[in-house]
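Asker: Input query09.cif, format and content: mmCIF, C-alpha atoms and all ligand atoms.
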data_run
#
loop_
_atom_site.label_atom_id
_atom_site.label_comp_id
_atom_site.auth_asym_id
_atom_site.auth_seq_id
_atom_site.Cartn_x
_atom_site.Cartn_y
_atom_site.Cartn_z
CA MET A 1 17.09 -60.00 136.15
CA GLU A 2 17.51 -60.96 132.56
CA PHE A 3 15.22 -63.32 130.73
CA ASN A 4 13.23 -64.18 127.67
CA PHE A 5 9.65 -65.05 128.55
CA HIS A 6 8.00 -66.83 125.66
CA ASN A 7 4.84 -68.88 125.84
CA PRO A 8 2.86 -69.02 122.61
CA THR A 9 0.27 -71.63 123.68
CA ASP A 10 -3.30 -70.55 122.95
CA VAL A 11 -5.26 -71.64 126.03
CA TYR A 12 -8.99 -72.38 126.28
CA PHE A 13 -9.96 -73.16 129.85
CA GLY A 14 -13.17 -74.11 131.60
CA PRO A 15 -15.69 -76.83 132.39
CA GLY A 16 -17.48 -77.82 129.18
CA GLU A 17 -14.82 -76.36 126.86
CA PHE A 18 -14.11 -79.84 125.48
CA THR A 19 -17.11 -79.35 123.17
CA ARG A 20 -14.98 -76.87 121.18
CA ALA A 21 -12.38 -79.49 120.29
CA GLY A 22 -13.44 -80.00 116.66
CA GLU A 23 -13.51 -76.32 115.80
CA LEU A 24 -10.14 -75.67 117.48
CA ALA A 25 -8.55 -78.70 115.80
CA SER A 26 -9.68 -77.50 112.40
CA ARG A 27 -7.49 -74.41 112.88
CA LEU A 28 -4.35 -76.55 113.13
CA GLY A 29 -4.61 -78.79 110.09
CA ARG A 30 -6.42 -81.20 107.84
CA LYS A 31 -5.66 -84.60 109.35
CA CYS A 32 -4.39 -85.43 112.81
CA LEU A 33 -2.85 -88.33 114.64
CA LEU A 34 -5.24 -88.60 117.60
CA VAL A 35 -3.21 -90.04 120.47
CA THR A 36 -4.53 -91.60 123.69
CA GLY A 37 -3.25 -93.67 126.59
CA ARG A 38 -3.90 -97.25 127.51
CA GLY A 39 -7.64 -97.13 127.94
CA SER A 40 -9.14 -94.34 130.06
CA ALA A 41 -10.05 -92.07 127.11
CA ARG A 42 -12.04 -94.85 125.48
CA ARG A 43 -13.54 -96.17 128.71
CA LEU A 44 -14.73 -92.71 129.78
CA GLY A 45 -16.23 -91.85 126.39
CA PHE A 46 -13.81 -88.97 125.66
CA LEU A 47 -12.46 -90.70 122.56
CA GLU A 48 -15.86 -91.28 121.01
CA LYS A 49 -16.83 -87.63 121.60
CA MET A 50 -13.54 -86.44 120.15
CA GLU A 51 -13.92 -88.56 117.02
CA LYS A 52 -17.45 -87.23 116.53
CA MET A 53 -16.30 -83.63 116.93
CA LEU A 54 -13.49 -84.13 114.43
CA ASP A 55 -15.94 -85.67 111.95
CA GLU A 56 -18.34 -82.76 112.37
CA ALA A 57 -15.53 -80.25 111.87
CA GLY A 58 -14.35 -82.05 108.72
CA VAL A 59 -10.97 -82.91 110.22
CA GLY A 60 -9.51 -86.29 109.28
CA TYR A 61 -7.86 -88.45 111.93
CA VAL A 62 -6.07 -91.69 112.66
CA HIS A 63 -6.33 -92.96 116.20
CA TYR A 64 -3.16 -94.18 117.95
CA SER A 65 -3.77 -95.70 121.38
CA GLY A 66 -1.58 -97.36 123.98
CA ILE A 67 0.80 -94.66 125.18
CA GLU A 68 2.11 -95.96 128.50
CA PRO A 69 2.50 -93.99 131.74
CA ASN A 70 6.22 -93.03 131.65
CA PRO A 71 5.94 -93.14 127.84
CA HIS A 72 8.37 -95.29 125.93
CA LEU A 73 10.68 -93.99 123.23
CA GLU A 74 9.94 -97.11 121.20
CA THR A 75 6.18 -96.42 121.22
CA CYS A 76 6.71 -92.77 120.24
CA ALA A 77 8.89 -93.81 117.30
CA ASP A 78 6.23 -96.28 116.18
CA ALA A 79 3.49 -93.64 116.43
CA ALA A 80 5.64 -91.20 114.45
CA GLU A 81 5.89 -93.75 111.65
CA VAL A 82 2.11 -94.11 111.62
CA ALA A 83 1.78 -90.32 111.37
CA VAL A 84 4.16 -90.34 108.40
CA GLU A 85 2.38 -93.23 106.63
CA GLU A 86 -1.00 -91.60 107.19
CA GLU A 87 0.23 -88.19 106.05
CA CYS A 88 -0.96 -86.43 109.20
CA ASP A 89 -0.25 -82.72 109.43
CA PHE A 90 -0.83 -82.23 113.16
CA ILE A 91 -1.23 -84.17 116.40
CA VAL A 92 -3.94 -84.18 119.05
CA ALA A 93 -3.05 -85.47 122.53
CA LEU A 94 -6.04 -86.60 124.59
CA GLY A 95 -4.77 -87.84 127.95
CA GLY A 96 -2.47 -87.21 130.88
CA GLY A 97 1.08 -85.93 130.93
CA SER A 98 2.37 -89.17 129.44
CA VAL A 99 0.20 -88.83 126.34
CA MET A 100 1.04 -85.13 125.95
CA ASP A 101 4.78 -85.79 126.38
CA ALA A 102 4.66 -88.68 123.92
CA CYS A 103 2.99 -86.39 121.39
CA LYS A 104 5.86 -83.93 121.67
CA ALA A 105 8.29 -86.73 120.86
CA ILE A 106 6.04 -87.92 118.02
CA ALA A 107 5.93 -84.36 116.66
CA VAL A 108 9.74 -84.44 116.40
CA GLY A 109 9.96 -88.07 115.31
CA PHE A 110 7.62 -87.36 112.40
CA HIS A 111 10.50 -85.55 110.71
CA ASP A 112 13.28 -87.94 111.80
CA PRO A 113 11.84 -91.18 113.23
CA ASP A 114 15.10 -93.16 113.21
CA ASN A 115 17.02 -90.67 115.34
CA LEU A 116 14.49 -89.66 117.98
CA TRP A 117 16.78 -90.53 120.94
CA ASP A 118 19.36 -88.03 119.68
CA TYR A 119 16.93 -85.17 120.33
CA ILE A 120 16.43 -86.29 123.92
CA ASN A 121 18.99 -85.07 126.44
CA HIS A 122 20.56 -88.22 127.88
CA GLY A 123 23.95 -86.84 128.77
CA GLN A 124 25.34 -87.39 125.26
CA GLY A 125 27.07 -84.00 125.17
CA GLU A 126 25.53 -82.58 122.06
CA VAL A 127 21.76 -82.87 121.90
CA LYS A 128 20.32 -82.76 118.39
CA ARG A 129 18.45 -79.52 117.89
CA VAL A 130 14.76 -79.70 117.01
CA GLU A 131 14.39 -77.86 113.72
CA GLN A 132 10.86 -79.00 112.89
CA ALA A 133 7.92 -80.43 114.79
CA LEU A 134 4.33 -81.11 113.82
CA PRO A 135 1.81 -78.68 115.35
CA LEU A 136 0.21 -79.96 118.51
CA MET A 137 -3.14 -79.59 120.22
CA VAL A 138 -3.36 -80.95 123.77
CA ILE A 139 -6.39 -81.88 125.82
CA PRO A 140 -5.24 -82.85 129.33
CA THR A 141 -7.36 -85.34 131.26
CA LEU A 142 -5.28 -85.17 134.45
CA ALA A 143 -4.00 -82.13 136.39
CA ALA A 144 -0.32 -82.71 137.07
CA THR A 145 2.59 -82.13 134.76
CA GLY A 146 1.80 -78.86 133.02
CA SER A 147 2.88 -80.38 129.71
CA GLU A 148 -0.11 -78.55 128.20
CA MET A 149 1.69 -75.20 128.53
CA ASP A 150 5.36 -76.04 128.46
CA ASN A 151 7.92 -76.92 125.84
CA GLY A 152 9.20 -80.20 127.22
CA GLY A 153 8.42 -83.85 127.58
CA VAL A 154 9.91 -86.79 129.45
CA ILE A 155 10.49 -90.02 127.55
CA THR A 156 11.83 -93.37 128.72
CA ARG A 157 14.01 -95.50 126.48
CA TRP A 158 12.43 -98.71 127.67
CA GLU A 159 15.25 -100.96 126.59
CA THR A 160 17.63 -99.29 129.07
CA ARG A 161 15.12 -97.61 131.42
CA GLU A 162 16.73 -94.24 130.82
CA LYS A 163 14.15 -91.51 131.43
CA CYS A 164 15.15 -88.19 129.90
CA VAL A 165 13.86 -84.83 128.72
CA ILE A 166 13.20 -83.50 125.25
CA SER A 167 12.66 -79.76 125.00
CA SER A 168 12.54 -77.07 122.37
CA PRO A 169 10.67 -73.81 121.79
CA LYS A 170 9.05 -75.71 118.89
CA LEU A 171 7.32 -78.03 121.37
CA PHE A 172 4.94 -75.59 122.99
CA PRO A 173 1.46 -76.85 122.12
CA GLY A 174 -0.25 -74.57 119.61
CA VAL A 175 -3.58 -75.04 121.37
CA ALA A 176 -4.30 -76.26 124.91
CA LEU A 177 -7.93 -77.11 125.54
CA ILE A 178 -8.17 -77.49 129.30
CA ASP A 179 -11.49 -78.77 130.60
CA PRO A 180 -11.48 -79.72 134.31
CA GLU A 181 -14.57 -81.89 133.77
CA LEU A 182 -12.30 -84.40 132.04
CA THR A 183 -10.33 -84.88 135.26
CA VAL A 184 -13.15 -85.75 137.67
CA SER A 185 -12.70 -89.46 136.92
CA VAL A 186 -9.00 -89.53 137.86
CA PRO A 187 -8.52 -92.02 140.75
CA LEU A 188 -7.69 -90.48 144.11
CA ASP A 189 -4.06 -91.68 144.20
CA TYR A 190 -3.20 -90.22 140.77
CA THR A 191 -5.11 -87.07 141.69
CA MET A 192 -2.92 -86.45 144.73
CA ASP A 193 0.25 -87.46 142.85
CA GLY A 194 -0.64 -84.74 140.35
CA VAL A 195 -1.28 -82.14 143.04
CA PHE A 196 2.12 -82.80 144.55
CA ASP A 197 3.82 -82.78 141.14
CA MET A 198 2.54 -79.27 140.39
CA ALA A 199 3.71 -78.11 143.84
CA VAL A 200 7.20 -79.50 143.30
CA HIS A 201 7.45 -77.78 139.93
CA VAL A 202 7.44 -74.39 141.63
CA MET A 203 9.32 -75.53 144.75
CA GLU A 204 12.28 -76.41 142.54
CA SER A 205 12.46 -72.80 141.41
CA TYR A 206 11.80 -71.49 144.94
CA PHE A 207 14.71 -73.39 146.51
CA ASN A 208 17.14 -73.56 143.60
CA GLY A 209 16.60 -70.32 141.71
CA ASP A 210 17.67 -66.70 142.16
CA ARG A 211 16.18 -65.60 145.45
CA ASP A 212 16.54 -61.88 144.91
CA THR A 213 13.30 -61.84 142.94
CA PRO A 214 10.67 -60.84 145.51
CA LEU A 215 7.65 -60.87 143.19
CA GLN A 216 8.33 -64.39 141.91
CA GLY A 217 9.05 -65.58 145.46
CA ARG A 218 5.72 -64.25 146.69
CA ILE A 219 3.85 -65.65 143.69
CA ILE A 220 5.31 -69.10 144.34
CA GLU A 221 4.37 -68.92 148.02
CA GLY A 222 0.80 -67.97 147.03
CA PHE A 223 0.73 -70.80 144.50
CA LEU A 224 1.81 -73.31 147.14
CA LEU A 225 -0.65 -72.03 149.74
CA ALA A 226 -3.49 -72.41 147.24
CA VAL A 227 -2.38 -75.81 145.93
CA PHE A 228 -1.81 -77.34 149.38
CA ASP A 229 -5.21 -76.02 150.58
CA GLU A 230 -7.22 -76.98 147.51
CA GLY A 231 -5.36 -80.27 147.18
CA ALA A 232 -6.22 -81.29 150.74
CA LYS A 233 -9.88 -80.38 150.13
CA LEU A 234 -9.87 -82.36 146.90
CA TYR A 235 -8.51 -85.39 148.75
CA ARG A 236 -11.66 -85.33 150.89
CA ASP A 237 -14.03 -84.48 148.03
CA PRO A 238 -12.59 -85.82 144.76
CA SER A 239 -15.79 -85.56 142.73
CA ASN A 240 -16.05 -81.80 143.36
CA LEU A 241 -15.67 -80.12 139.96
CA LYS A 242 -14.87 -76.70 141.44
CA LEU A 243 -11.94 -78.19 143.36
CA ARG A 244 -10.78 -79.99 140.21
CA GLU A 245 -10.87 -76.62 138.44
CA ASN A 246 -8.92 -75.00 141.29
CA VAL A 247 -5.99 -77.39 140.90
CA GLN A 248 -6.12 -77.56 137.11
CA TRP A 249 -5.01 -74.03 136.36
CA PRO A 250 -2.02 -74.11 138.75
CA SER A 251 -0.88 -77.36 137.16
CA SER A 252 -1.00 -75.78 133.71
CA LEU A 253 0.82 -72.63 134.80
CA ALA A 254 3.56 -74.20 136.91
CA LEU A 255 6.02 -74.95 134.10
CA SER A 256 4.76 -72.31 131.68
CA GLY A 257 7.81 -70.14 132.35
CA PHE A 258 5.76 -67.66 134.34
CA PHE A 259 7.29 -68.69 137.69
CA THR A 260 10.83 -69.16 136.50
CA ALA A 261 11.20 -65.96 134.46
CA GLY A 262 13.96 -64.01 136.17
CA ARG A 263 14.39 -66.67 138.80
CA GLY A 264 15.58 -69.69 136.85
CA GLY A 265 16.55 -72.70 138.86
CA VAL A 266 17.44 -76.31 138.35
CA TYR A 267 15.38 -79.41 139.15
CA PRO A 268 17.31 -81.71 141.52
CA VAL A 269 14.21 -83.37 142.97
CA HIS A 270 13.02 -84.25 139.47
CA LEU A 271 16.47 -85.47 138.50
CA LEU A 272 16.48 -87.82 141.48
CA GLU A 273 12.92 -88.95 140.78
CA HIS A 274 13.19 -89.74 137.06
CA PRO A 275 15.49 -92.76 137.54
CA LEU A 276 12.96 -94.19 140.02
CA SER A 277 10.01 -93.93 137.62
CA GLY A 278 12.34 -95.03 134.79
CA HIS A 279 13.51 -98.20 136.53
CA TRP A 280 10.44 -99.11 138.57
CA ASP A 281 7.69 -97.60 136.39
CA ILE A 282 6.11 -95.82 139.35
CA SER A 283 3.94 -92.72 139.16
CA HIS A 284 6.10 -89.58 138.84
CA GLY A 285 4.17 -87.67 141.53
CA ARG A 286 4.57 -90.55 143.98
CA GLY A 287 8.31 -90.60 143.36
CA LEU A 288 8.46 -86.85 144.02
CA ALA A 289 6.60 -87.34 147.30
CA LEU A 290 9.36 -89.74 148.34
CA ILE A 291 12.23 -87.49 147.36
CA GLN A 292 11.13 -83.91 148.08
CA PRO A 293 11.10 -83.96 151.92
CA ARG A 294 14.25 -86.11 152.08
CA TRP A 295 16.09 -83.85 149.65
CA MET A 296 15.07 -80.83 151.74
CA TRP A 297 16.25 -82.50 154.94
CA TYR A 298 19.57 -83.49 153.36
CA VAL A 299 20.47 -80.10 151.88
CA LEU A 300 18.95 -77.54 154.24
CA ASP A 301 22.00 -77.22 156.50
CA SER A 302 23.96 -75.87 153.55
CA ASP A 303 21.66 -72.84 153.31
CA PRO A 304 18.68 -72.85 155.69
CA VAL A 305 17.32 -69.40 154.76
CA PRO A 306 14.98 -70.35 151.86
CA PHE A 307 13.77 -73.38 153.78
CA ALA A 308 13.03 -71.25 156.86
CA ARG A 309 11.16 -68.82 154.65
CA PHE A 310 9.13 -71.67 153.14
CA ALA A 311 8.35 -72.86 156.67
CA ALA A 312 7.06 -69.46 157.73
CA ASN A 313 5.30 -68.28 154.58
CA VAL A 314 3.89 -71.56 153.26
CA MET A 315 3.68 -74.01 156.14
CA GLY A 316 2.63 -71.43 158.74
CA ILE A 317 5.50 -72.02 161.19
CA ASP A 318 6.07 -69.16 163.66
CA PRO A 319 9.65 -67.99 163.10
CA SER A 320 11.86 -68.77 166.10
CA GLY A 321 14.79 -66.66 164.96
CA ASP A 322 16.86 -69.79 164.34
CA TYR A 323 16.84 -70.46 160.58
CA LEU A 324 17.93 -74.07 160.91
CA GLU A 325 15.31 -74.92 163.47
CA ASP A 326 12.60 -73.23 161.39
CA ALA A 327 13.78 -74.95 158.20
CA ARG A 328 13.50 -78.34 159.88
CA ALA A 329 10.06 -77.48 161.25
CA GLY A 330 8.99 -76.65 157.69
CA VAL A 331 10.02 -80.10 156.42
CA LYS A 332 8.16 -81.75 159.29
CA ALA A 333 5.06 -79.73 158.43
CA LEU A 334 5.36 -80.76 154.77
CA CYS A 335 5.59 -84.43 155.84
CA LYS A 336 2.44 -83.91 157.90
CA TRP A 337 0.63 -82.49 154.87
CA LEU A 338 1.82 -85.44 152.78
CA ASP A 339 0.65 -87.86 155.46
CA GLY A 340 -2.78 -86.19 155.46
CA VAL A 341 -3.24 -86.99 151.76
CA ASP A 342 -1.72 -90.48 151.93
CA LEU A 343 1.54 -89.46 150.28
CA PHE A 344 4.07 -89.82 153.11
CA LEU A 345 5.65 -92.89 151.58
CA THR A 346 8.66 -95.16 151.73
CA LEU A 347 10.48 -97.17 149.07
CA SER A 348 8.68 -100.35 150.06
CA ASP A 349 5.28 -98.63 149.67
CA LEU A 350 6.25 -98.25 146.01
CA GLY A 351 7.66 -101.73 145.62
CA ILE A 352 11.27 -100.54 145.45
CA ASP A 353 13.80 -102.58 147.40
CA GLU A 354 17.00 -101.12 148.73
CA GLY A 355 19.40 -103.40 146.87
CA ASP A 356 21.58 -102.87 143.81
CA GLY A 357 18.72 -101.25 141.91
CA LEU A 358 19.12 -98.09 143.97
CA VAL A 359 22.81 -97.90 143.13
CA ARG A 360 21.97 -98.24 139.43
CA ALA A 361 19.35 -95.51 139.73
CA ALA A 362 21.81 -93.18 141.47
CA GLU A 363 24.44 -93.87 138.80
CA ASP A 364 21.85 -93.10 136.12
CA SER A 365 20.98 -89.84 137.79
CA ILE A 366 24.59 -88.66 137.69
CA ARG A 367 25.37 -90.13 134.25
CA LEU A 368 22.26 -88.88 132.50
CA TYR A 369 21.75 -85.50 134.18
CA GLY A 370 25.01 -84.72 135.97
CA GLY A 371 26.62 -82.85 133.09
CA LYS A 372 30.35 -82.35 132.79
CA ASN A 373 31.07 -82.12 136.51
CA GLY A 374 28.98 -85.17 137.39
CA GLN A 375 26.78 -83.38 139.90
CA ILE A 376 23.10 -82.70 140.27
CA GLY A 377 22.77 -78.93 140.74
CA GLY A 378 20.69 -76.94 143.18
CA VAL A 379 21.10 -75.14 146.47
CA MET A 380 23.62 -77.87 147.36
CA PRO A 381 25.21 -79.73 144.42
CA LEU A 382 24.95 -83.50 144.81
CA GLY A 383 27.44 -86.20 143.83
CA LEU A 384 26.80 -89.92 143.50
CA GLU A 385 27.15 -90.62 147.24
CA ASP A 386 24.71 -87.81 148.07
CA VAL A 387 22.11 -89.12 145.62
CA LEU A 388 22.45 -92.60 147.05
CA ALA A 389 22.18 -91.28 150.60
CA ILE A 390 18.94 -89.47 149.75
CA TYR A 391 17.55 -92.62 148.10
CA ARG A 392 18.42 -94.61 151.20
CA MET A 393 16.62 -92.07 153.39
CA CYS A 394 13.49 -93.04 151.44
CA GLY A 395 13.56 -96.44 153.11
CA THR A 396 12.04 -95.04 156.28
CA ARG A 397 9.70 -92.33 157.54
CA ASP A 398 12.05 -91.74 160.47
CA PHE A 399 14.60 -89.62 158.65
CA ILE A 400 13.51 -86.48 160.50
O1 LIG A 501 -3.21 -94.63 130.10
P1 LIG A 501 -4.59 -94.22 130.45
O2 LIG A 501 -5.58 -95.29 130.29
O3 LIG A 501 -5.00 -92.93 129.80
O4 LIG A 501 -4.62 -93.93 132.06
C1 LIG A 501 -3.90 -92.91 132.71
C2 LIG A 501 -2.72 -93.48 133.48
O5 LIG A 501 -2.95 -94.81 133.88
C3 LIG A 501 -4.77 -92.38 133.83
N1 LIG A 501 -5.67 -91.28 133.46
C4 LIG A 501 -5.39 -90.17 132.74
N2 LIG A 501 -6.48 -89.38 132.68
C5 LIG A 501 -7.47 -90.02 133.35
C6 LIG A 501 -6.95 -91.22 133.84
N3 LIG A 501 -7.72 -92.10 134.57
C7 LIG A 501 -8.98 -91.75 134.81
N4 LIG A 501 -9.54 -90.60 134.37
C8 LIG A 501 -8.82 -89.71 133.63
N5 LIG A 501 -9.38 -88.55 133.24
O6 LIG A 501 -3.85 -91.87 134.78
C9 LIG A 501 -2.66 -92.67 134.73
C10 LIG A 501 -1.45 -91.72 134.78
O7 LIG A 501 -1.41 -90.95 133.62
P2 LIG A 501 -0.07 -90.18 133.21
O8 LIG A 501 -0.35 -89.42 131.97
O9 LIG A 501 1.09 -91.12 133.20
O10 LIG A 501 0.14 -89.19 134.46
P3 LIG A 501 0.74 -87.74 134.54
O11 LIG A 501 -0.17 -86.73 133.95
O12 LIG A 501 1.14 -87.56 135.95
O13 LIG A 501 2.06 -87.78 133.62
C11 LIG A 501 3.25 -88.33 134.12
C12 LIG A 501 4.36 -88.24 133.09
O14 LIG A 501 4.70 -86.87 132.80
C13 LIG A 501 6.10 -86.66 133.04
C14 LIG A 501 6.40 -87.65 134.12
O15 LIG A 501 7.76 -87.89 134.29
C15 LIG A 501 5.63 -88.88 133.64
O16 LIG A 501 6.35 -89.56 132.64
N6 LIG A 501 6.37 -85.24 133.33
C16 LIG A 501 6.26 -84.35 132.32
C17 LIG A 501 6.60 -83.02 132.47
C18 LIG A 501 6.54 -82.05 131.38
N7 LIG A 501 6.07 -82.37 130.21
O17 LIG A 501 6.94 -80.93 131.52
C19 LIG A 501 7.09 -82.50 133.73
C20 LIG A 501 6.82 -83.39 134.89
O18 LIG A 501 7.71 -83.05 135.90
C21 LIG A 501 6.93 -84.86 134.60
O19 LIG A 501 8.27 -85.30 134.66
ZN ZN A 502 7.08 -83.11 137.73
#
Now, as a test, write the supplied structure out as structure tokens.
Answerer:
Amino acid sequence: MEFNFHNPTDVYFGPGEFTRAGELASRLGRKCLLVTGRGSARRLGFLEKMEKMLDEAGVGYVHYSGIEPNPHLETCADAAEVAVEEECDFIVALGGGSVMDACKAIAVGFHDPDNLWDYINHGQGEVKRVEQALPLMVIPTLAATGSEMDNGGVITRWETREKCVISSPKLFPGVALIDPELTVSVPLDYTMDGVFDMAVHVMESYFNGDRDTPLQGRIIEGFLLAVFDEGAKLYRDPSNLKLRENVQWPSSLALSGFFTAGRGGVYPVHLLEHPLSGHWDISHGRGLALIQPRWMWYVLDSDPVPFARFAANVMGIDPSGDYLEDARAGVKALCKWLDGVDLFLTLSDLGIDEGDGLVRAAEDSIRLYGGKNGQIGGVMPLGLEDVLAIYRMCGTRDFI
């Protein structure tokens, strides 16, 4: 194993911690761009409380609202210009993953608003290196992406529907204020999308990373056992704060580097999902729920061992001695779990038809993320025809 584990985010976690926002913000700067989504922060009263806390702490602010789910490059560039005009010296994100991701782009755009797309990896060969970024405080209101403790964000160039990643060590939030009370209002569908998103974040590493790392493997299995259990309970009892708390911390940790240190891994399921949420503006977690079981089914013959292990250690399948049979049983069990939380979906459930759009999405996947050899990596590298085949499997529940 050889790795650099670096996560500088200062985390404050717990129900009621939101009341510390003013004091914590005052440590980062003098005047912030306070960024929110399309309406929930205002509707739920979080914005008003935040503004009051900033006033009391003597921190200036300018409010920027309207960050979209699947945040647009164009909006981030506009917000960055506001931050420049208003002479902000840090950013506060109050919202879900989309708001937090947008703030990372704004933090970079502040120093170079006209060239923001160059810093985002869209298959252009050389990605512009982030030399400077405004400091960032994040206050997640939805448990899902883990943007609060990672160094990346996903931004969609709306004009072309290209959804791509920006990342840099400079984009770790300085402060993450994580208060599960803020997530109790999240509607049930987004709640479960978020639960599945956090699960997929570690599954990517489990299936596509270095397997000779027994501690990380066991930690990921424990993570998944807890998240699938608590997630299913939360589905039945969404106003339960303790359950909200129990899925919040895993979501924050999943992409923090903790699980991937020494294990690495690539993200094929994400790289197949991003063109779907880019083109059809669907919820990221919903798109993952479509792709994950189909991707597993498609690739498991190439190397059934990790899938059989997942079946036994996470899904509770009694090993039969036949890896392939066990691997398939694991995927069926995952589909059953998804069905139990209303996430065993098809393309038409998400309003995606199987026409030319799917071909365009598959081409985007290879063009934007396929690198020099034009393949999506992972336990089985995928070319254009493979990506398209997996998308087409999403048309039905009967792929298994
Ligand atoms: O826009 P508002 O009004 O705020 O409403 C949002 C939005 O409609 C609403 N919401 C947020 N908090 C709420 C709430 N509604 C009620 N009560 C609350 N407390 O929920 C809706 C979805 O919000 P969004 O931020 O889009 O969801 P999520 O947190 O799942 O973020 C998804 C984005 O993150 C990216 C995804 O691709 C997608 O663009 N990802 C970011 C990653 C990262 N930074 O590392 C990794 C992930 O894999 C993912 O790709
Ligand atoms: Zn994700």
Asker: Set the distance at 7 Å and use only C-alpha atoms: which residues neighbour Val175 of chain A once local chain neighbours fewer than 2 positions away are removed? I'd like the list as a list in words.
Answerer: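 Once the nearby chain positions are removed, what remains is Thr9, Asp10, Val11, Leu136, Met137, Val138, Pro173 and Leu177 of chain A.
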Asker: In Å, rounded to a single decimal, give me how far atom CA of Val227 of chain A is from atom CA of Pro381 of chain A.
Answerer: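 About the pair atom CA of Pro381 of chain A and atom CA of Val227 of chain A: they are 27.9 Å apart.
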Asker: Between atom CA of Val62 of chain A and atom CA of Cys103 of chain A, what distance in Å does the model show, to one decimal?
Answerer: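 About the pair atom CA of Val62 of chain A and atom CA of Cys103 of chain A: they are 13.7 Å apart.
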Asker: Counting only C-alpha atoms and all ligand atoms, what residues are within 7 Å of ligand ZN 502 (chain A), given as a PyMOL selection string?
Answerer: chain A and resi 145+197-198+200-201+270+284-285
Asker: Just checking: using all atoms listed in the file, which residue out of A:Gly378, A:Gly153, A:Gly351, A:Pro275 ends up closest to ligand LIG 501 (chain A)?
Answerer: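 Ranking A:Gly378, A:Gly153, A:Gly351, A:Pro275 by distance to ligand LIG 501 (chain A), first place goes to A:Gly153.
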Asker: If we draw a sphere of 9 Å around (10.1, -84.8, 159.3), which residues have at least one atom in it when counting all atoms listed in the file? Please report them as number ranges by chain.
Answerer: A: 293-294, 297, 328-336, 397-400
Asker: Would you write out those residues with C-alpha atoms, as a CSV table (one decimal), keeping the file's coordinate frame?
Answerer:
chain,number,residue,atom,x,y,z
A,293,PRO,CA,11.1,-84.0,151.9
A,294,ARG,CA,14.2,-86.1,152.1
A,297,TRP,CA,16.2,-82.5,154.9
A,328,ARG,CA,13.5,-78.3,159.9
A,329,ALA,CA,10.1,-77.5,161.2
A,330,GLY,CA,9.0,-76.6,157.7
A,331,VAL,CA,10.0,-80.1,156.4
A,332,LYS,CA,8.2,-81.8,159.3
A,333,ALA,CA,5.1,-79.7,158.4
A,334,LEU,CA,5.4,-80.8,154.8
A,335,CYS,CA,5.6,-84.4,155.8
A,336,LYS,CA,2.4,-83.9,157.9
A,397,ARG,CA,9.7,-92.3,157.5
A,398,ASP,CA,12.0,-91.7,160.5
A,399,PHE,CA,14.6,-89.6,158.6
A,400,ILE,CA,13.5,-86.5,160.5
Asker: Measuring atom to atom with all atoms listed in the file, identify which of A:Glu126, A:Glu23, A:Asp281, A:Glu131 is nearest to ligand LIG 501 (chain A).
Answerer: A:Asp281
Asker: Please determine, counting all atoms listed in the file, which residue among A:Val184, A:Met1, A:Gln292, A:Phe207 has the shortest atom-to-atom distance to Ala261 of chain A.
Answerer: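 Under the stated criterion, the closest residue is A:Met1.
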Asker: Choose the residue, out of A:Val379, A:Ala143, A:Met203, A:Ala77, that has the smallest atom-to-atom separation from Gln216 of chain A; count all atoms listed in the file.
Answerer: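 Ranked by minimum distance to Gln216 of chain A, first place goes to A:Met203.
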Asker: Point out the residue among A:Glu74, A:Asp89, A:Glu48, A:Asp189 with the least atom-to-atom distance to Arg157 of chain A, counting all atoms listed in the file.
Answerer: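 Distance minimum relative to Arg157 of chain A lands on A:Glu74.
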Asker: Hey, can you check how far atom CA of Asp364 of chain A sits from atom CA of Trp158 of chain A?
Answerer: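 Computed distance, atom CA of Asp364 of chain A to atom CA of Trp158 of chain A, equals 13.8 Å.
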Asker: Given all atoms listed in the file as the basis, pick out the residue of A:Lys104, A:Cys164, A:Ser65, A:Gly45 nearest to Gly278 of chain A.
Answerer: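 Of A:Lys104, A:Cys164, A:Ser65, A:Gly45, the one nearest Gly278 of chain A is A:Cys164, counting all atoms listed in the file.
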Asker: Set up a box along x, y and z of the file covering all listed atoms of segment 289-292 of chain A, add 6 Å on every one of the six sides, and write the centre and edge lengths in Å to one decimal, as JSON.
Answerer:
{"center_x": 9.4, "center_y": -86.8, "center_z": 147.8, "size_x": 17.6, "size_y": 17.8, "size_z": 13.0}
Asker: Please identify all polymer residues within 12 Å of Asp229 of chain A, counting only C-alpha atoms, omitting same-chain residues fewer than 2 positions from it, and present them as number ranges by chain.
Answerer: A: 195-196, 199, 222-227, 231-236, 243, 246-247, 314-315, 337-338, 340-341
Asker: Once you have the residues from the selection above, write them out as a compact mmCIF listing (two decimals), keeping the file's coordinate frame, restricted to C-alpha atoms.
Answerer:
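Generated output (part_16.txt):
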# COMPACT_ATOMS: atom_id res chain seq x y z
CA VAL A 195 -1.28 -82.14 143.04
CA PHE A 196 2.12 -82.80 144.55
CA ALA A 199 3.71 -78.11 143.84
CA GLY A 222 0.80 -67.97 147.03
CA PHE A 223 0.73 -70.80 144.50
CA LEU A 224 1.81 -73.31 147.14
CA LEU A 225 -0.65 -72.03 149.74
CA ALA A 226 -3.49 -72.41 147.24
CA VAL A 227 -2.38 -75.81 145.93
CA GLY A 231 -5.36 -80.27 147.18
CA ALA A 232 -6.22 -81.29 150.74
CA LYS A 233 -9.88 -80.38 150.13
CA LEU A 234 -9.87 -82.36 146.90
CA TYR A 235 -8.51 -85.39 148.75
CA ARG A 236 -11.66 -85.33 150.89
CA LEU A 243 -11.94 -78.19 143.36
CA ASN A 246 -8.92 -75.00 141.29
CA VAL A 247 -5.99 -77.39 140.90
CA VAL A 314 3.89 -71.56 153.26
CA MET A 315 3.68 -74.01 156.14
CA TRP A 337 0.63 -82.49 154.87
CA LEU A 338 1.82 -85.44 152.78
CA GLY A 340 -2.78 -86.19 155.46
CA VAL A 341 -3.24 -86.99 151.76
